[in-house]
$ cat model08.cif   # mmCIF, C-alpha atoms
data_coords
loop_
_atom_site.label_atom_id
_atom_site.label_comp_id
_atom_site.auth_asym_id
_atom_site.auth_seq_id
_atom_site.Cartn_x
_atom_site.Cartn_y
_atom_site.Cartn_z
CA MET A 1 47.57 40.45 -11.25
CA ARG A 2 50.82 40.73 -13.04
CA ASP A 3 52.35 37.99 -15.07
CA LYS A 4 56.09 37.71 -14.43
CA LYS A 5 56.81 36.63 -17.99
CA ASP A 6 54.83 39.36 -19.69
CA ILE A 7 55.62 42.94 -18.79
CA ALA A 8 52.70 44.18 -20.93
CA THR A 9 50.04 42.79 -18.59
CA PHE A 10 48.33 45.33 -16.40
CA ASP A 11 46.81 45.19 -12.95
CA LEU A 12 43.20 44.14 -13.09
CA PRO A 13 40.67 45.96 -10.91
CA GLY A 14 39.42 44.05 -7.90
CA PHE A 15 42.65 42.14 -7.26
CA ASP A 16 44.08 44.63 -4.76
CA PRO A 17 45.03 43.35 -1.32
CA ALA A 18 41.94 42.95 0.87
CA VAL A 19 41.22 45.68 3.36
CA PRO A 20 40.67 44.22 6.83
CA MET A 21 36.99 44.35 7.72
CA GLU A 22 35.67 45.59 11.02
CA PRO A 23 32.90 43.53 12.60
CA GLU A 24 29.51 45.18 12.79
CA PRO A 25 28.52 46.24 16.28
CA LYS A 26 26.05 43.74 17.72
CA ARG A 27 22.73 45.14 18.79
CA PRO A 28 20.97 43.50 21.70
CA PRO A 29 17.91 41.50 20.66
CA PRO A 30 14.56 43.24 21.19
CA ALA A 31 12.71 42.38 24.36
CA ARG A 32 10.16 39.61 23.94
CA ALA A 33 6.60 40.45 24.81
CA ARG A 34 5.13 37.80 27.07
CA ARG A 35 1.68 36.58 26.17
CA PRO A 36 -0.58 35.25 28.86
CA ALA A 37 -0.97 31.49 28.58
CA LEU A 38 -4.37 30.39 27.33
CA LYS A 39 -6.23 28.03 29.59
CA GLN A 40 -6.66 24.60 28.03
CA GLU A 41 -9.91 22.74 28.21
CA GLN A 42 -10.85 19.17 27.38
CA LEU A 43 -13.20 18.84 24.43
CA GLU A 44 -15.80 16.10 24.35
CA LEU A 45 -15.55 13.72 21.41
CA LEU A 46 -18.50 13.04 19.13
CA GLU A 47 -18.42 9.28 19.67
CA PRO A 48 -17.58 7.27 22.79
CA THR A 49 -14.03 5.87 22.72
CA ASP A 50 -12.23 2.96 24.38
CA THR A 51 -8.95 3.17 26.34
CA THR A 52 -6.91 3.51 23.15
CA GLY A 53 -8.88 6.54 21.97
CA LEU A 54 -10.50 4.70 19.07
CA PRO A 55 -14.28 4.75 18.61
CA VAL A 56 -16.10 1.92 20.38
CA TRP A 57 -17.00 -0.87 17.97
CA GLN A 58 -20.73 -1.33 17.57
CA ARG A 59 -22.39 -4.21 15.78
CA ASP A 60 -24.39 -3.16 12.73
CA GLU A 61 -26.91 -5.66 11.36
CA ASN A 62 -26.37 -4.42 7.79
CA LEU A 63 -22.59 -5.12 7.91
CA ASP A 64 -20.69 -8.38 8.41
CA LEU A 65 -17.66 -8.72 10.73
CA THR A 66 -15.32 -7.36 8.05
CA GLY A 67 -17.37 -4.20 7.55
CA LEU A 68 -18.78 -5.21 4.18
CA PRO A 69 -22.52 -4.87 3.52
CA VAL A 70 -24.67 -7.96 3.98
CA TRP A 71 -26.61 -8.88 0.87
CA ARG A 72 -30.04 -10.15 1.75
CA LYS A 73 -32.71 -11.49 -0.55
CA ASP A 74 -36.01 -9.85 0.11
#

$ encode --input "model08.cif" --output "C-alpha cells"
Amino acid sequence: MRDKKDIATFDLPGFDPAVPMEPEPKRPPPARARRPALKQEQLELLEPTDTTGLPVWQRDENLDLTGLPVWRKD
C-alpha cells in the first residue's frame, strides 16, 4: 500500500494483487460398500401391554388407587 501524500511509505508485503486461483480437480466419491440388511424380529415384552403399549394396570391390595401404600393397623 502506498500513501499518496507520503512518498516515504513503502509497499507492505502481502498487499500485492491477488493471483487468480485454479479450482482443485474434483475426485469422484469412493464407491459405497453395500451391507446386507439385517432381518428384524419382534421382541416379546416383559409385561403384558394394552393397545397403547403401556403395561396393563393390575390392582395391588397394598396400594390405593393413586399408587400410594395403604397403611393398615395390625

$ atom_distance --input "model08.cif" --atom1 "CA of Asp60 in chain A" --atom2 "CA of Arg72 in chain A"
14.2 Å

$ atom_distance --input "model08.cif" --atom1 "CA of Val70 in chain A" --atom2 "CA of Trp57 in chain A"
17.5 Å

$ atom_distance --input "model08.cif" --atom1 "CA of Val56 in chain A" --atom2 "CA of Trp71 in chain A"
24.7 Å
